[in-house]
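Here the structure is laid out as structure tokens; the discussion comes afterwards.
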Amino acid sequence: MPDRYTPQVIEHLVRPRNAGEVPDPSGSGESGHEACGDVASFTVGISDNVLEEVRYKAYGCAACVAAGSALSEMVEGKHLVEAARVSKTDIEVALGGPLPVGKEHALTLVLDALHKAFEDHWNRTAGEMLLNGAKTRGNGGRSVVAAMSGGVDSAVTALLLKEAGYDVATVTFRLHDGERGSRSCCSPDTVLFARDTAHRMGLPHFTLNLKELFDKRVMQDFVGSYKEGRTPNPCVACNAHVKFHASAFLADEIGYHHVATGHYARVEDGPTLGRPVDESKDQTYVLWPVPQELLARTVFPLGEYRKTEVRAIAEERGLAVAYTPESQDICFIPDGNYRGFVRKKVATEPGDVVDGQGQVLGRHGGVVDFTVGQRRGIGVSGPTPLYVTEVRPSSGQVVVGRKRDLEVREVAVRDLNLFLDSGDAARVQVRYNSQPVSCTVEETTDGEWIAHLNEPVVGVAPGQSAVFYTEDGSRVVGGGVVARRAA
Amino acid sequence: MTDLVYLDNAATTTLDPLVLESMLPHLGGRRGNPSSLHALGSAARDAVEEARVSVAALIGARPEEVLFSSGGTESDAIAVLGLARSAPPDKRHVVVSSVEHAAVREDAMRLEREGFEVSWIGVDGDGLIDPDEFTAALRPDTALAAIIWANNEVGTVEPVRELAHQCLESGIPFHTDAVQAAGRVPIDVSEVPVSTLAMSAHKLYGPQGVGALYVRDGYSPEPIVYGGGQEKGLRSGTQNVAGIVGLGRAAELAREEMDERVAQERTLRDRILAGAEALPNVTLNGHRERRLSNNVHLTVSGVEAESLVLFLDSLGYAVGSGSACSSGGHKASPVLLAMGRSERDAFSVVRITVGKDNTAEEVEGFLAAFGTAVAQLRELSPLYAG
């Protein structure tokens, strides 16, 4: 590492390229903060995905000023996909070699400002789409937008696609204002990390700001579910409305066909979802709401691999993500405290804990603290362990009973998303991390399915997903939301 | 590089040719160790003692009260760490200003880790210490007070005479870092009752790597280096004879030429200040009157320090920056923060320090370059609406 600047840095400092602002820009982005001593901003004029105009401004050390100048020169006139591929290393090469020790941050800063300008451009382009979601069938062709969270699965997904000969563009979503440096997958640091990972693979990287969409479709539903006594599944809601739609949007914008994620699942003929090779990682249960039009253009490369193989690939190819921890929690609640999160968003009032006959056994602090099947925190003791069997938001009652009171043999399912005919449905899974059970399906006149279970199942909660599989269990027939225990 | 106009004299000065000439006999040929008994040793000892007389004369001290060190930082450390550690066990309190050079600031923080309590004395917006706050901080268990004579960044000259008298009355040892002040501000330790005073050669057109510490008779700091007992045991190790001779010669010249140098520096300083302040949103840091004759310290709104310094460097002018930018953010100067500046303002500073060899033409050239650099960097700055 050198301890001084190259002549190229000083040249850019004294004669900066593309200084200024684009009037009426297609997008603008700023990174850094005056209290940190570095601020860089980019404005861009984009027409037909080509960066016709790039202007930048910088307040900061010579590294920052020069890196912004060099970057603006490198991307001007380029196609967005090529501009989004320019890495920190590329900038260093343009500046005549590595920056002095401690100055590398300047590269991250200017690149982030440019990428925020691209992000702003997509936001302006997308309008309602990024709010309501859209689904298109794509244009054919061997090109793919791969969603990158910053974890090992999505990084290997992008790598496998690249090695399979696809034109790959990567995208990371800004979903919420997660805490910086948390274990969560969606913090700003994670965006930077995903961008670095993509660039090290030589892939273009984009960022899409989906905070509004995510709030509307996932977080509000999450909070609302608890309020209404339902058990939400935010990953399902995200797959239903956010992740695939946004990937397809970007693919349409840059003229790419496929979309890809790092889920462990397969796309089978139909198209429908199929179980992956690594059944212990099977994610078909959370993928059921992906619209068929989007599934038709989706690839899940990891469906053919075991998780151990995926880590080995990452290690072998030197991806820094090889050792990142598994993300377990809900991404927008990095501390895992769901109740605390919900309680901050909604007011809730104390109510009665009652038994199946309506007899009051005690008091509770609010229905949002309870979901069906819960055993802890009930605050009432009985001769046998008590479980929450029902939550009644309208009367503020929490009903408790014995474990066998949780058993159900019929489940009503609504909001169905179907890939195959109802006649193919032979098994149903009603909880994450549980096994499907045999069932027969009865369609009601108002479009619900009643699943008659061949054996009783414990802990079916309204709001959870019910996913139907074929007789051999290998393919998804369709899925829906548990409306209630039918009987 | 040879035609670079040098305006960073607070960082270091050019070696005076007369000083170099005095050093040369001690750098080449046969030489002795000042501790040796033979003739070569005696000659070396004589040279060191002659230098001691010259340094003592610059500050009104007796030669036996001057010891030589490797520079200002070491002199500060011997005084601050040494006086605090040699204080009686019931004196575990230290008073230090919040605008000290890092040499003293870091010593005080080291003492904090050793269990001393440190009172950091605040300053006003001009970097000036409030004597009342200083007096109020002195306690029966105070082991030491240390106040910089003239600040190395913003150039403010502190009321050291008054503060030293306060300490004398309270029986508290008083150290001052006079690295920037020596040779610019008249210093007479027979009138200003400091206990110890640190100096450096290379700020006085002398060589780098050598300094002096005045230790008033009756004060015995605990050494920080042990060995052969040179310099009355306070700085063991064979003396840097050539360097010490250079310091002696530099001190002699400083004493002879001080009035002339100061007058010339003031003229150049005031011209730079007037020219710089004629630009919009360029403001002076430090006290306008009570300031070093060679120091102009400016906040240049909307312009980051390092960029400005390197821009000026490319135009042929060497000036100082007040902040260091490193990974993930800048580190603002504690001195400017103590003066109540925002971090943003503390990042947008430049220090121009003239010296005896600068000319009026150089200053005019600088002002033109400064105007160009500031205008262009502001044009680029997202933080300057101008």
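Residues are referred to by chain and number: the chain letter is A, B, ... according to the order shown in the structure tokens, the number counts from 1 in that chain, and ligands are numbered separately from 1 in the order shown.
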Pull out every residue of chain A sitting within 9 Å of chain B, counting only C-alpha atoms, and send them as a PyMOL selection string.
-> chain A and resi 10-11+13-14+16+19-20+32+34-41+56-65+101-106
For segment 58-73 of chain B: contacts at 6 Å, only C-alpha atoms, fewer than 3 positions along chain excluded, given as JSON, numbers by chain = {"B": [52, 53, 55, 76, 103, 187, 188, 189, 198, 199, 200, 209, 210, 211, 212, 213, 214, 215, 216, 231, 255]}
Going by DSSP on the backbone, which bits of segment 128-295 of chain A are helix (DSSP H, G or I)? Write them as number ranges by chain, please.
-> A: 129-132, 152-163, 188-200, 211-227, 234-241, 243-254, 279-281, 284-287, 292-295
Export, as a PDB file, in the first residue's frame, the selected residues with C-alpha atoms.
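That gives us part08.pdb:
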ATOM      1  CA  MET A 129     -44.996  -0.417 -10.413  1.00  0.00           C
ATOM      2  CA  LEU A 130     -42.686  -0.310  -7.436  1.00  0.00           C
ATOM      3  CA  LEU A 131     -45.706   0.428  -5.297  1.00  0.00           C
ATOM      4  CA  ASN A 132     -48.238  -2.046  -6.596  1.00  0.00           C
ATOM      5  CA  VAL A 152     -23.891 -16.871   0.403  1.00  0.00           C
ATOM      6  CA  ASP A 153     -26.932 -18.365  -1.348  1.00  0.00           C
ATOM      7  CA  SER A 154     -27.682 -15.401  -3.579  1.00  0.00           C
ATOM      8  CA  ALA A 155     -24.006 -14.798  -4.357  1.00  0.00           C
ATOM      9  CA  VAL A 156     -23.519 -18.390  -5.492  1.00  0.00           C
ATOM     10  CA  THR A 157     -26.755 -18.129  -7.490  1.00  0.00           C
ATOM     11  CA  ALA A 158     -25.324 -15.227  -9.479  1.00  0.00           C
ATOM     12  CA  LEU A 159     -22.012 -17.010  -9.904  1.00  0.00           C
ATOM     13  CA  LEU A 160     -23.584 -20.250 -11.144  1.00  0.00           C
ATOM     14  CA  LEU A 161     -25.669 -18.333 -13.662  1.00  0.00           C
ATOM     15  CA  LYS A 162     -22.608 -16.474 -14.902  1.00  0.00           C
ATOM     16  CA  GLU A 163     -20.701 -19.721 -15.264  1.00  0.00           C
ATOM     17  CA  PRO A 188     -27.069  -0.267   4.242  1.00  0.00           C
ATOM     18  CA  ASP A 189     -23.830  -2.112   4.965  1.00  0.00           C
ATOM     19  CA  THR A 190     -25.393  -5.119   3.347  1.00  0.00           C
ATOM     20  CA  VAL A 191     -26.093  -3.151   0.182  1.00  0.00           C
ATOM     21  CA  LEU A 192     -22.439  -2.140  -0.004  1.00  0.00           C
ATOM     22  CA  PHE A 193     -21.340  -5.682   0.686  1.00  0.00           C
ATOM     23  CA  ALA A 194     -23.616  -7.112  -2.005  1.00  0.00           C
ATOM     24  CA  ARG A 195     -22.299  -4.540  -4.496  1.00  0.00           C
ATOM     25  CA  ASP A 196     -18.709  -5.476  -3.681  1.00  0.00           C
ATOM     26  CA  THR A 197     -19.511  -9.143  -4.048  1.00  0.00           C
ATOM     27  CA  ALA A 198     -21.159  -8.601  -7.432  1.00  0.00           C
ATOM     28  CA  HIS A 199     -18.295  -6.451  -8.661  1.00  0.00           C
ATOM     29  CA  ARG A 200     -15.715  -8.975  -7.572  1.00  0.00           C
ATOM     30  CA  LYS A 211     -39.233   0.628   1.066  1.00  0.00           C
ATOM     31  CA  GLU A 212     -42.695   1.938   0.272  1.00  0.00           C
ATOM     32  CA  LEU A 213     -43.776  -1.262  -1.423  1.00  0.00           C
ATOM     33  CA  PHE A 214     -42.320  -3.383   1.359  1.00  0.00           C
ATOM     34  CA  ASP A 215     -43.989  -1.302   4.018  1.00  0.00           C
ATOM     35  CA  LYS A 216     -47.342  -1.469   2.286  1.00  0.00           C
ATOM     36  CA  ARG A 217     -47.271  -5.144   1.364  1.00  0.00           C
ATOM     37  CA  VAL A 218     -45.212  -6.761   4.087  1.00  0.00           C
ATOM     38  CA  MET A 219     -44.747  -4.712   7.226  1.00  0.00           C
ATOM     39  CA  GLN A 220     -48.278  -3.337   7.481  1.00  0.00           C
ATOM     40  CA  ASP A 221     -49.631  -6.835   6.865  1.00  0.00           C
ATOM     41  CA  PHE A 222     -47.307  -8.189   9.543  1.00  0.00           C
ATOM     42  CA  VAL A 223     -48.506  -5.728  12.141  1.00  0.00           C
ATOM     43  CA  GLY A 224     -52.129  -5.960  11.029  1.00  0.00           C
ATOM     44  CA  SER A 225     -52.093  -9.748  11.322  1.00  0.00           C
ATOM     45  CA  TYR A 226     -51.187  -9.696  14.974  1.00  0.00           C
ATOM     46  CA  LYS A 227     -53.845  -7.090  15.577  1.00  0.00           C
ATOM     47  CA  PRO A 234     -43.587 -11.881   6.019  1.00  0.00           C
ATOM     48  CA  CYS A 235     -41.339 -13.957   3.733  1.00  0.00           C
ATOM     49  CA  VAL A 236     -44.438 -15.248   1.954  1.00  0.00           C
ATOM     50  CA  ALA A 237     -45.808 -11.714   1.634  1.00  0.00           C
ATOM     51  CA  CYS A 238     -42.470 -10.537   0.205  1.00  0.00           C
ATOM     52  CA  ASN A 239     -42.408 -13.339  -2.377  1.00  0.00           C
ATOM     53  CA  ALA A 240     -46.034 -12.624  -3.243  1.00  0.00           C
ATOM     54  CA  HIS A 241     -45.621  -8.932  -3.945  1.00  0.00           C
ATOM     55  CA  LYS A 243     -39.001  -9.680  -4.647  1.00  0.00           C
ATOM     56  CA  PHE A 244     -40.042 -11.325  -7.914  1.00  0.00           C
ATOM     57  CA  HIS A 245     -42.003  -8.364  -9.182  1.00  0.00           C
ATOM     58  CA  ALA A 246     -39.128  -5.969  -8.607  1.00  0.00           C
ATOM     59  CA  SER A 247     -36.607  -8.311 -10.220  1.00  0.00           C
ATOM     60  CA  ALA A 248     -38.886  -8.670 -13.238  1.00  0.00           C
ATOM     61  CA  PHE A 249     -39.315  -4.910 -13.398  1.00  0.00           C
ATOM     62  CA  LEU A 250     -35.570  -4.398 -13.600  1.00  0.00           C
ATOM     63  CA  ALA A 251     -35.219  -7.211 -16.131  1.00  0.00           C
ATOM     64  CA  ASP A 252     -37.861  -5.564 -18.329  1.00  0.00           C
ATOM     65  CA  GLU A 253     -36.152  -2.201 -18.024  1.00  0.00           C
ATOM     66  CA  ILE A 254     -32.727  -3.426 -19.082  1.00  0.00           C
ATOM     67  CA  GLU A 279     -34.946 -31.247   0.936  1.00  0.00           C
ATOM     68  CA  SER A 280     -33.759 -29.993   4.314  1.00  0.00           C
ATOM     69  CA  LYS A 281     -33.507 -26.508   2.779  1.00  0.00           C
ATOM     70  CA  THR A 284     -41.321 -24.201  -1.747  1.00  0.00           C
ATOM     71  CA  TYR A 285     -43.532 -23.574   1.282  1.00  0.00           C
ATOM     72  CA  VAL A 286     -42.766 -19.821   1.184  1.00  0.00           C
ATOM     73  CA  LEU A 287     -42.732 -19.524  -2.628  1.00  0.00           C
ATOM     74  CA  GLN A 292     -47.274 -18.082 -12.539  1.00  0.00           C
ATOM     75  CA  GLU A 293     -46.295 -15.475 -15.158  1.00  0.00           C
ATOM     76  CA  LEU A 294     -43.239 -14.645 -13.087  1.00  0.00           C
ATOM     77  CA  LEU A 295     -42.465 -18.237 -12.180  1.00  0.00           C
TER      78      LEU A 295
END
Residues at most 8 Å from Thr156 of chain B, counting only C-alpha atoms, excluding those fewer than 3 positions away in the same chain, as an NGL selection string?
-> :B and (126-128 or 150-151 or 286-287 or 290-292)
In terms of the shortest atom-to-atom distance over only C-alpha atoms, which of B:Ile244, B:Ala276, B:Val118, B:Leu7 is closest to Met23 of chain B?
->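 So, comparing all the options, the nearest one is B:Ile244.
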A:Val437, A:Val277, A:Val408, A:Ile313: which is nearest Pro456 of chain A, counting only C-alpha atoms?
->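 Ranking A:Val437, A:Val277, A:Val408, A:Ile313 by distance to Pro456 of chain A, first place goes to A:Val408.
Pairwise distance (atom CA of Leu204 of chain B, atom CA of Asn152 of chain B) equals 13.6 Å.
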